[in-house]
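Undergrad: Next comes the structure file target_39.pdb, holding PDB, C-alpha atoms and all ligand atoms.
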ATOM      1  CA  MET G   1      57.435 167.835 126.035  1.00  0.00           C
ATOM      2  CA  ILE G   2      59.215 164.455 125.828  1.00  0.00           C
ATOM      3  CA  LYS G   3      56.907 161.563 124.874  1.00  0.00           C
ATOM      4  CA  ILE G   4      57.955 158.325 126.566  1.00  0.00           C
ATOM      5  CA  ALA G   5      56.600 154.820 125.868  1.00  0.00           C
ATOM      6  CA  LEU G   6      56.636 152.625 128.957  1.00  0.00           C
ATOM      7  CA  PRO G   7      56.096 148.848 129.027  1.00  0.00           C
ATOM      8  CA  LYS G   8      52.803 147.966 130.750  1.00  0.00           C
ATOM      9  CA  GLY G   9      53.201 145.838 133.865  1.00  0.00           C
ATOM     10  CA  ARG G  10      55.509 145.516 136.856  1.00  0.00           C
ATOM     11  CA  LEU G  11      58.670 146.455 134.966  1.00  0.00           C
ATOM     12  CA  GLY G  12      57.016 149.606 133.603  1.00  0.00           C
ATOM     13  CA  GLU G  13      55.914 150.637 137.085  1.00  0.00           C
ATOM     14  CA  LYS G  14      59.464 150.200 138.338  1.00  0.00           C
ATOM     15  CA  VAL G  15      60.766 152.290 135.449  1.00  0.00           C
ATOM     16  CA  TYR G  16      58.151 154.969 136.137  1.00  0.00           C
ATOM     17  CA  SER G  17      59.368 155.126 139.790  1.00  0.00           C
ATOM     18  CA  LEU G  18      62.894 155.586 138.484  1.00  0.00           C
ATOM     19  CA  LEU G  19      61.799 158.424 136.174  1.00  0.00           C
ATOM     20  CA  ALA G  20      59.766 160.057 138.964  1.00  0.00           C
ATOM     21  CA  ALA G  21      62.774 159.864 141.306  1.00  0.00           C
ATOM     22  CA  ALA G  22      64.824 161.557 138.577  1.00  0.00           C
ATOM     23  CA  GLY G  23      62.387 164.510 138.539  1.00  0.00           C
ATOM     24  CA  TYR G  24      60.092 163.340 135.721  1.00  0.00           C
ATOM     25  CA  GLY G  25      57.036 162.386 137.767  1.00  0.00           C
ATOM     26  CA  CYS G  26      53.543 162.897 136.493  1.00  0.00           C
ATOM     27  CA  ALA G  27      50.850 164.345 138.760  1.00  0.00           C
ATOM     28  CA  GLU G  28      48.153 162.439 136.812  1.00  0.00           C
ATOM     29  CA  TYR G  29      49.861 159.037 137.267  1.00  0.00           C
ATOM     30  CA  SER G  30      47.966 156.300 139.085  1.00  0.00           C
ATOM     31  CA  PRO G  31      48.922 152.615 138.809  1.00  0.00           C
ATOM     32  CA  ALA G  32      45.264 151.603 139.253  1.00  0.00           C
ATOM     33  CA  SER G  33      44.037 153.743 136.339  1.00  0.00           C
ATOM     34  CA  ARG G  34      43.148 152.288 132.933  1.00  0.00           C
ATOM     35  CA  LYS G  35      44.207 155.515 131.243  1.00  0.00           C
ATOM     36  CA  LEU G  36      46.985 154.915 128.710  1.00  0.00           C
ATOM     37  CA  ILE G  37      48.403 158.456 128.455  1.00  0.00           C
ATOM     38  CA  PHE G  38      49.626 160.629 131.332  1.00  0.00           C
ATOM     39  CA  CYS G  39      50.983 164.154 130.865  1.00  0.00           C
ATOM     40  CA  ASP G  40      52.794 166.533 133.167  1.00  0.00           C
ATOM     41  CA  ASP G  41      53.332 169.994 131.666  1.00  0.00           C
ATOM     42  CA  LYS G  42      55.476 171.158 134.583  1.00  0.00           C
ATOM     43  CA  ASN G  43      58.003 168.317 134.181  1.00  0.00           C
ATOM     44  CA  GLY G  44      57.695 168.371 130.383  1.00  0.00           C
ATOM     45  CA  VAL G  45      56.827 164.688 129.938  1.00  0.00           C
ATOM     46  CA  SER G  46      54.008 162.525 128.700  1.00  0.00           C
ATOM     47  CA  TYR G  47      53.927 158.760 129.200  1.00  0.00           C
ATOM     48  CA  PHE G  48      52.165 156.069 127.154  1.00  0.00           C
ATOM     49  CA  TRP G  49      51.588 152.564 128.489  1.00  0.00           C
ATOM     50  CA  VAL G  50      52.163 150.076 125.677  1.00  0.00           C
ATOM     51  CA  LYS G  51      52.615 146.317 125.420  1.00  0.00           C
ATOM     52  CA  PRO G  52      56.306 145.603 126.204  1.00  0.00           C
ATOM     53  CA  SER G  53      56.966 144.098 122.774  1.00  0.00           C
ATOM     54  CA  ASP G  54      55.491 147.211 121.076  1.00  0.00           C
ATOM     55  CA  VAL G  55      57.691 149.862 122.751  1.00  0.00           C
ATOM     56  CA  GLY G  56      60.300 149.635 119.981  1.00  0.00           C
ATOM     57  CA  VAL G  57      57.653 150.195 117.290  1.00  0.00           C
ATOM     58  CA  TYR G  58      56.348 153.381 118.958  1.00  0.00           C
ATOM     59  CA  VAL G  59      59.875 154.746 119.341  1.00  0.00           C
ATOM     60  CA  GLU G  60      61.264 153.700 115.958  1.00  0.00           C
ATOM     61  CA  LEU G  61      58.291 155.242 114.126  1.00  0.00           C
ATOM     62  CA  GLY G  62      58.360 158.424 116.221  1.00  0.00           C
ATOM     63  CA  ALA G  63      55.015 158.172 118.056  1.00  0.00           C
ATOM     64  CA  ALA G  64      57.219 158.278 121.178  1.00  0.00           C
ATOM     65  CA  ASP G  65      60.525 160.181 121.496  1.00  0.00           C
ATOM     66  CA  MET G  66      61.893 157.770 124.062  1.00  0.00           C
ATOM     67  CA  GLY G  67      61.008 154.402 125.516  1.00  0.00           C
ATOM     68  CA  VAL G  68      62.054 151.593 127.755  1.00  0.00           C
ATOM     69  CA  ALA G  69      62.408 148.081 126.354  1.00  0.00           C
ATOM     70  CA  GLY G  70      64.155 144.787 127.000  1.00  0.00           C
ATOM     71  CA  LYS G  71      67.259 144.025 124.954  1.00  0.00           C
ATOM     72  CA  ASP G  72      65.615 140.697 123.978  1.00  0.00           C
ATOM     73  CA  VAL G  73      62.733 142.501 122.281  1.00  0.00           C
ATOM     74  CA  LEU G  74      64.994 145.115 120.641  1.00  0.00           C
ATOM     75  CA  ASP G  75      67.294 142.433 119.230  1.00  0.00           C
ATOM     76  CA  GLU G  76      64.430 140.295 117.989  1.00  0.00           C
ATOM     77  CA  ALA G  77      62.806 143.159 116.078  1.00  0.00           C
ATOM     78  CA  ARG G  78      66.169 144.715 115.090  1.00  0.00           C
ATOM     79  CA  THR G  79      64.650 147.995 116.223  1.00  0.00           C
ATOM     80  CA  ASP G  80      66.306 151.007 114.587  1.00  0.00           C
ATOM     81  CA  VAL G  81      66.671 153.367 117.575  1.00  0.00           C
ATOM     82  CA  TYR G  82      69.459 154.745 119.751  1.00  0.00           C
ATOM     83  CA  GLU G  83      70.158 152.764 122.921  1.00  0.00           C
ATOM     84  CA  LEU G  84      71.061 155.456 125.427  1.00  0.00           C
ATOM     85  CA  LEU G  85      71.406 153.626 128.718  1.00  0.00           C
ATOM     86  CA  ASP G  86      71.351 150.199 130.330  1.00  0.00           C
ATOM     87  CA  LEU G  87      68.921 150.627 133.239  1.00  0.00           C
ATOM     88  CA  ASP G  88      70.391 147.606 135.030  1.00  0.00           C
ATOM     89  CA  ILE G  89      66.934 146.158 135.740  1.00  0.00           C
ATOM     90  CA  GLY G  90      64.898 143.331 134.189  1.00  0.00           C
ATOM     91  CA  LYS G  91      68.111 141.341 134.027  1.00  0.00           C
ATOM     92  CA  CYS G  92      67.994 137.825 132.589  1.00  0.00           C
ATOM     93  CA  LYS G  93      69.815 135.646 130.076  1.00  0.00           C
ATOM     94  CA  MET G  94      68.896 134.376 126.626  1.00  0.00           C
ATOM     95  CA  CYS G  95      69.560 130.641 126.848  1.00  0.00           C
ATOM     96  CA  VAL G  96      69.270 127.370 125.026  1.00  0.00           C
ATOM     97  CA  ALA G  97      67.727 124.769 127.325  1.00  0.00           C
ATOM     98  CA  ALA G  98      66.663 121.150 127.021  1.00  0.00           C
ATOM     99  CA  LYS G  99      65.586 118.097 129.001  1.00  0.00           C
ATOM    100  CA  LYS G 100      68.268 116.944 131.401  1.00  0.00           C
ATOM    101  CA  ASP G 101      68.869 113.722 129.432  1.00  0.00           C
ATOM    102  CA  PHE G 102      68.966 115.469 126.008  1.00  0.00           C
ATOM    103  CA  LYS G 103      71.572 114.124 123.555  1.00  0.00           C
ATOM    104  CA  GLU G 104      71.982 116.126 120.362  1.00  0.00           C
ATOM    105  CA  ASP G 105      71.644 114.290 117.038  1.00  0.00           C
ATOM    106  CA  PHE G 106      73.934 116.141 114.636  1.00  0.00           C
ATOM    107  CA  THR G 107      72.655 114.172 111.613  1.00  0.00           C
ATOM    108  CA  ARG G 108      69.430 116.207 111.444  1.00  0.00           C
ATOM    109  CA  PRO G 109      68.285 119.806 111.992  1.00  0.00           C
ATOM    110  CA  LEU G 110      67.796 120.757 115.628  1.00  0.00           C
ATOM    111  CA  ARG G 111      64.156 121.520 116.457  1.00  0.00           C
ATOM    112  CA  VAL G 112      64.123 124.832 118.359  1.00  0.00           C
ATOM    113  CA  ALA G 113      60.983 126.165 120.076  1.00  0.00           C
ATOM    114  CA  THR G 114      60.999 129.909 120.684  1.00  0.00           C
ATOM    115  CA  LYS G 115      59.221 133.244 120.667  1.00  0.00           C
ATOM    116  CA  PHE G 116      62.478 134.825 119.480  1.00  0.00           C
ATOM    117  CA  VAL G 117      62.599 133.472 115.921  1.00  0.00           C
ATOM    118  CA  ASN G 118      65.033 136.028 114.439  1.00  0.00           C
ATOM    119  CA  SER G 119      67.413 135.929 117.409  1.00  0.00           C
ATOM    120  CA  ALA G 120      67.421 132.112 117.385  1.00  0.00           C
ATOM    121  CA  GLU G 121      68.085 132.020 113.634  1.00  0.00           C
ATOM    122  CA  ARG G 122      70.966 134.486 114.021  1.00  0.00           C
ATOM    123  CA  TYR G 123      72.482 132.516 116.899  1.00  0.00           C
ATOM    124  CA  TYR G 124      72.347 129.130 115.143  1.00  0.00           C
ATOM    125  CA  SER G 125      73.560 130.631 111.889  1.00  0.00           C
ATOM    126  CA  SER G 126      76.575 132.044 113.785  1.00  0.00           C
ATOM    127  CA  ILE G 127      77.496 128.514 114.895  1.00  0.00           C
ATOM    128  CA  SER G 128      76.543 126.977 111.518  1.00  0.00           C
ATOM    129  CA  ARG G 129      73.915 124.653 112.985  1.00  0.00           C
ATOM    130  CA  GLU G 130      70.928 123.800 110.828  1.00  0.00           C
ATOM    131  CA  ILE G 131      67.645 124.220 112.690  1.00  0.00           C
ATOM    132  CA  GLN G 132      63.909 123.907 112.335  1.00  0.00           C
ATOM    133  CA  ILE G 133      62.130 126.731 114.162  1.00  0.00           C
ATOM    134  CA  ILE G 134      58.947 125.991 116.069  1.00  0.00           C
ATOM    135  CA  LYS G 135      57.369 129.374 116.762  1.00  0.00           C
ATOM    136  CA  LEU G 136      55.391 129.535 119.998  1.00  0.00           C
ATOM    137  CA  ASN G 137      53.918 132.497 121.856  1.00  0.00           C
ATOM    138  CA  GLY G 138      54.379 131.390 125.454  1.00  0.00           C
ATOM    139  CA  SER G 139      54.893 128.432 127.818  1.00  0.00           C
ATOM    140  CA  ILE G 140      57.919 127.574 125.671  1.00  0.00           C
ATOM    141  CA  GLU G 141      59.192 125.120 128.297  1.00  0.00           C
ATOM    142  CA  LEU G 142      56.371 122.726 127.427  1.00  0.00           C
ATOM    143  CA  ALA G 143      57.781 122.029 123.954  1.00  0.00           C
ATOM    144  CA  PRO G 144      60.711 119.727 124.854  1.00  0.00           C
ATOM    145  CA  VAL G 145      58.703 118.117 127.666  1.00  0.00           C
ATOM    146  CA  LEU G 146      56.018 117.052 125.162  1.00  0.00           C
ATOM    147  CA  GLY G 147      58.516 116.151 122.412  1.00  0.00           C
ATOM    148  CA  LEU G 148      57.479 119.086 120.210  1.00  0.00           C
ATOM    149  CA  SER G 149      61.080 120.360 120.093  1.00  0.00           C
ATOM    150  CA  ASP G 150      64.603 119.261 121.018  1.00  0.00           C
ATOM    151  CA  VAL G 151      65.539 122.516 122.744  1.00  0.00           C
ATOM    152  CA  ILE G 152      64.104 125.916 123.619  1.00  0.00           C
ATOM    153  CA  PHE G 153      65.664 129.306 122.932  1.00  0.00           C
ATOM    154  CA  ASP G 154      64.221 131.545 125.624  1.00  0.00           C
ATOM    155  CA  ILE G 155      64.893 133.941 128.453  1.00  0.00           C
ATOM    156  CA  VAL G 156      65.811 132.606 131.870  1.00  0.00           C
ATOM    157  CA  GLU G 157      65.471 134.903 134.844  1.00  0.00           C
ATOM    158  CA  THR G 158      65.367 132.998 138.124  1.00  0.00           C
ATOM    159  CA  GLY G 159      65.578 129.537 136.507  1.00  0.00           C
ATOM    160  CA  THR G 160      62.445 128.426 138.368  1.00  0.00           C
ATOM    161  CA  THR G 161      60.416 127.594 135.234  1.00  0.00           C
ATOM    162  CA  LEU G 162      63.218 125.402 133.879  1.00  0.00           C
ATOM    163  CA  LYS G 163      63.735 123.682 137.225  1.00  0.00           C
ATOM    164  CA  GLN G 164      60.050 122.968 137.800  1.00  0.00           C
ATOM    165  CA  ASN G 165      59.803 121.401 134.327  1.00  0.00           C
ATOM    166  CA  ASP G 166      62.981 119.307 134.631  1.00  0.00           C
ATOM    167  CA  LEU G 167      64.903 121.284 132.031  1.00  0.00           C
ATOM    168  CA  CYS G 168      68.458 122.607 132.194  1.00  0.00           C
ATOM    169  CA  VAL G 169      70.505 125.304 130.454  1.00  0.00           C
ATOM    170  CA  LEU G 170      72.776 124.040 127.645  1.00  0.00           C
ATOM    171  CA  HIS G 171      74.199 127.422 126.541  1.00  0.00           C
ATOM    172  CA  GLU G 172      73.954 130.992 127.778  1.00  0.00           C
ATOM    173  CA  VAL G 173      73.658 133.027 124.579  1.00  0.00           C
ATOM    174  CA  SER G 174      73.545 136.636 125.850  1.00  0.00           C
ATOM    175  CA  ASN G 175      72.828 138.921 128.789  1.00  0.00           C
ATOM    176  CA  ILE G 176      69.540 140.796 128.643  1.00  0.00           C
ATOM    177  CA  SER G 177      68.501 143.928 130.532  1.00  0.00           C
ATOM    178  CA  THR G 178      66.198 146.889 130.166  1.00  0.00           C
ATOM    179  CA  ARG G 179      67.378 149.751 127.941  1.00  0.00           C
ATOM    180  CA  LEU G 180      66.441 153.412 127.639  1.00  0.00           C
ATOM    181  CA  ILE G 181      65.989 154.107 123.914  1.00  0.00           C
ATOM    182  CA  ALA G 182      65.365 157.162 121.735  1.00  0.00           C
ATOM    183  CA  ASN G 183      63.931 157.835 118.308  1.00  0.00           C
ATOM    184  CA  LYS G 184      66.771 158.901 115.999  1.00  0.00           C
ATOM    185  CA  ALA G 185      65.113 162.083 114.682  1.00  0.00           C
ATOM    186  CA  ALA G 186      63.858 163.078 118.146  1.00  0.00           C
ATOM    187  CA  TYR G 187      67.394 162.691 119.461  1.00  0.00           C
ATOM    188  CA  LYS G 188      68.629 165.094 116.809  1.00  0.00           C
ATOM    189  CA  PHE G 189      66.022 167.769 117.516  1.00  0.00           C
ATOM    190  CA  GLN G 190      65.552 167.388 121.301  1.00  0.00           C
ATOM    191  CA  ARG G 191      69.047 166.304 122.176  1.00  0.00           C
ATOM    192  CA  GLY G 192      69.381 168.715 125.117  1.00  0.00           C
ATOM    193  CA  ASP G 193      66.216 167.497 126.847  1.00  0.00           C
ATOM    194  CA  ILE G 194      66.893 163.814 126.103  1.00  0.00           C
ATOM    195  CA  ASP G 195      70.509 164.015 127.303  1.00  0.00           C
ATOM    196  CA  ALA G 196      69.400 165.827 130.481  1.00  0.00           C
ATOM    197  CA  LEU G 197      66.839 163.107 131.265  1.00  0.00           C
ATOM    198  CA  THR G 198      69.363 160.350 130.510  1.00  0.00           C
ATOM    199  CA  ALA G 199      72.005 161.969 132.745  1.00  0.00           C
ATOM    200  CA  LYS G 200      69.546 162.284 135.645  1.00  0.00           C
ATOM    201  CA  ILE G 201      68.539 158.621 135.334  1.00  0.00           C
ATOM    202  CA  LYS G 202      72.184 157.581 135.098  1.00  0.00           C
ATOM    203  CA  GLY G 203      72.843 159.465 138.334  1.00  0.00           C
ATOM    204  CA  ILE G 204      70.387 157.383 140.317  1.00  0.00           C
ATOM    205  CA  ILE G 205      70.372 153.869 138.808  1.00  0.00           C
ATOM    206  CA  GLY G 206      72.073 151.238 140.878  1.00  0.00           C
ATOM    207  CA  TYR G 207      71.380 153.072 144.152  1.00  0.00           C
ATOM    208  CA  GLY G 208      67.981 151.381 144.614  1.00  0.00           C
ATOM    209  CA  ASN G 209      66.451 154.477 146.239  1.00  0.00           C
ATOM    210  CA  TYR G 210      63.493 154.772 143.859  1.00  0.00           C
TER     211      TYR G 210
HETATM  212  C1  LIG C 301      59.317 134.037 130.655  1.00  0.00           C
HETATM  213  C2  LIG C 301      60.185 133.064 129.867  1.00  0.00           C
HETATM  214  C3  LIG C 301      60.232 131.873 130.774  1.00  0.00           C
HETATM  215  C4  LIG C 301      60.168 132.477 132.157  1.00  0.00           C
HETATM  216  C5  LIG C 301      61.536 132.509 132.773  1.00  0.00           C
HETATM  217  O1  LIG C 301      58.007 133.686 130.454  1.00  0.00           O
HETATM  218  O2  LIG C 301      59.623 132.802 128.593  1.00  0.00           O
HETATM  219  O3  LIG C 301      59.127 131.030 130.559  1.00  0.00           O
HETATM  220  O4  LIG C 301      59.693 133.831 132.009  1.00  0.00           O
HETATM  221  O5  LIG C 301      61.504 133.031 134.072  1.00  0.00           O
HETATM  222  P1  LIG C 301      62.179 132.267 135.301  1.00  0.00           P
HETATM  223  O6  LIG C 301      63.558 131.861 134.887  1.00  0.00           O
HETATM  224  O7  LIG C 301      62.210 133.298 136.396  1.00  0.00           O
HETATM  225  O8  LIG C 301      61.303 131.098 135.661  1.00  0.00           O
HETATM  226  P2  LIG C 301      56.821 134.695 130.723  1.00  0.00           P
HETATM  227  O9  LIG C 301      56.623 134.871 132.185  1.00  0.00           O
HETATM  228  O10 LIG C 301      57.074 135.935 129.948  1.00  0.00           O
HETATM  229  O11 LIG C 301      55.596 133.907 130.166  1.00  0.00           O
HETATM  230  P3  LIG C 301      55.297 133.200 128.779  1.00  0.00           P
HETATM  231  O12 LIG C 301      55.088 131.762 129.104  1.00  0.00           O
HETATM  232  O13 LIG C 301      54.073 133.873 128.298  1.00  0.00           O
HETATM  233  O14 LIG C 301      56.465 133.389 127.845  1.00  0.00           O
END
Can the structure from this file be put into C-alpha cells for me?
TA:
Amino acid sequence: MIKIALPKGRLGEKVYSLLAAAGYGCAEYSPASRKLIFCDDKNGVSYFWVKPSDVGVYVELGAADMGVAGKDVLDEARTDVYELLDLDIGKCKMCVAAKKDFKEDFTRPLRVATKFVNSAERYYSSISREIQIIKLNGSIELAPVLGLSDVIFDIVETGTTLKQNDLCVLHEVSNISTRLIANKAAYKFQRGDIDALTAKIKGIIGYGNY
C-alpha cells in the first residue's frame, strides 16, 4: 500500500484525476465527501486530503510515503524529501511586485510583504539587499496599496490580482509548479512501487486526457 498525501482543493482533485488515469483510482473516492482518508486495496493506494502547505510535513515525517506539493511551499519549508517529478500543473511564478509608480530608495531597507518569509530572505540575501520582512497570511497585494510595504514577494498565476490592484511585476524570481514527492526512507524500501507509479504518471502528463 502506498500512502499519498494530496492537497485539498481544486489542484488536489486534478492530481487525483491524474493518478486515477494512471491506474491508481480509489473506489471509495468522492469529491463531495468530508472523509479525509480513502483506500483502495486492489490498486494498493491510500490517499489523505491535507492542507496544501502541510503536504511536505506529512511526507517528510513519513506519515505519507508520497505527496503532491507546490515548489513554492517545498522551497519555503526547505522540505527534506525526494522530488520525483514535475507534474507540469499549478504553474505560476514567484515574483516581486510593487505599485506602478514605485521608486526604490536604496538608502534604507526594503519593506517586503510576503507569506514566503524564508524564500524572500534567501532571494534578497542572494542579491545583497537589506530588507524588513512584513509577514502576512493572505491578500498580500493590499500591503503596498495601503503603504504597509514597498513591495510584495508572492506568487503570480494569471496576473489578475496584480492588475486589479494597480500593481506590476518588478522581478520574476523563479518558476513554480506542482511536484510529486517521496519520503526518503519510503523510497528506499518501496522503490519498486514508487518508481512504477512515477513512471505511469510520467507517461500521461502533458497529454491532458485525465
Ligand atoms: C494567490 C497569490 C496571489 C494570487 C495570484 O493568492 O497570493 O494573491 O493567488 O493569482 P493571480 O495571478 O491568478 O491573480 P491566493 O488565491 O492563494 O489567496 P491569498 O490571498 O489567501 O494568498
Undergrad: If the PyMOL selection byres (((chain G and resi 119) around 9) and not hetatm) were run on this exact file, what residues would it hold? Put them as a CSV table (one decimal) with C-alpha atoms, in the coordinates of the input.
TA:
chain,number,residue,atom,x,y,z
G,72,ASP,CA,65.6,140.7,124.0
G,75,ASP,CA,67.3,142.4,119.2
G,76,GLU,CA,64.4,140.3,118.0
G,77,ALA,CA,62.8,143.2,116.1
G,116,PHE,CA,62.5,134.8,119.5
G,117,VAL,CA,62.6,133.5,115.9
G,118,ASN,CA,65.0,136.0,114.4
G,120,ALA,CA,67.4,132.1,117.4
G,121,GLU,CA,68.1,132.0,113.6
G,122,ARG,CA,71.0,134.5,114.0
G,123,TYR,CA,72.5,132.5,116.9
G,124,TYR,CA,72.3,129.1,115.1
G,153,PHE,CA,65.7,129.3,122.9
Undergrad: By how many Å are CA of Lys135 in chain G and atom P3 of ligand LIG 301 (chain C) apart?
TA: 12.8 Å
Undergrad: Hey, which residues come within 10 Å of ligand LIG 301 (chain C) if we count all atoms listed in the file? Could you give them as a PyMOL selection string?
TA: chain G and resi 92-94+114-116+136-142+152-165
Undergrad: Any chance you could resolve the PyMOL selection byres (((chain G and resi 181) around 7) and not hetatm) against this file and give the residues as a PDB file with C-alpha atoms, in the frame of the given file?
TA:
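Output (expr_15.pdb):
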ATOM      1  CA  MET G  66      61.893 157.770 124.062  1.00  0.00           C
ATOM      2  CA  GLY G  67      61.008 154.402 125.516  1.00  0.00           C
ATOM      3  CA  VAL G  68      62.054 151.593 127.755  1.00  0.00           C
ATOM      4  CA  VAL G  81      66.671 153.367 117.575  1.00  0.00           C
ATOM      5  CA  TYR G  82      69.459 154.745 119.751  1.00  0.00           C
ATOM      6  CA  GLU G  83      70.158 152.764 122.921  1.00  0.00           C
ATOM      7  CA  LEU G  84      71.061 155.456 125.427  1.00  0.00           C
ATOM      8  CA  ARG G 179      67.378 149.751 127.941  1.00  0.00           C
ATOM      9  CA  LEU G 180      66.441 153.412 127.639  1.00  0.00           C
ATOM     10  CA  ALA G 182      65.365 157.162 121.735  1.00  0.00           C
TER      11      ALA G 182
END
Undergrad: Kindly provide, as lines of an AutoDock Vina configuration file, the centre and edge lengths (Å, one decimal) of an axis-aligned box around all atoms of range 31-37 of chain G given in the file, with 5 Å on each side.
TA:
center_x = 46.0
center_y = 155.0
center_z = 133.9
size_x = 15.8
size_y = 16.9
size_z = 20.8
Undergrad: Compare G:Ile176, G:Ile2, G:Leu18, G:Ile134 by their minimum atom-to-atom distance to Gly203 in chain G, counting only C-alpha atoms, and give me the closest one.
TA: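 Closest to Gly203 in chain G of all the choices is G:Leu18.
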Undergrad: List the spatial neighbours of Glu104 in chain G as a ChimeraX atom specification - criterion: any atom at most 10 Å away, all atoms listed in the file, same-chain residues fewer than 5 positions off excluded.
TA: /G:98,109-110,150-151
Undergrad: Pull out every residue that the PyMOL selection byres (((chain G and resi 42) around 10) and not hetatm) matches in the shown coordinates and put them as an MDAnalysis selection string.
TA: chainID G and resid 1 24:27 39:41 43:45
Undergrad: Go ahead and compute the interatomic distance for CA of Ser174 in chain G and CA of Leu146 in chain G, in Å to one decimal.
TA: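 Atom-to-atom, CA of Ser174 in chain G and CA of Leu146 in chain G are spaced 26.3 Å apart.
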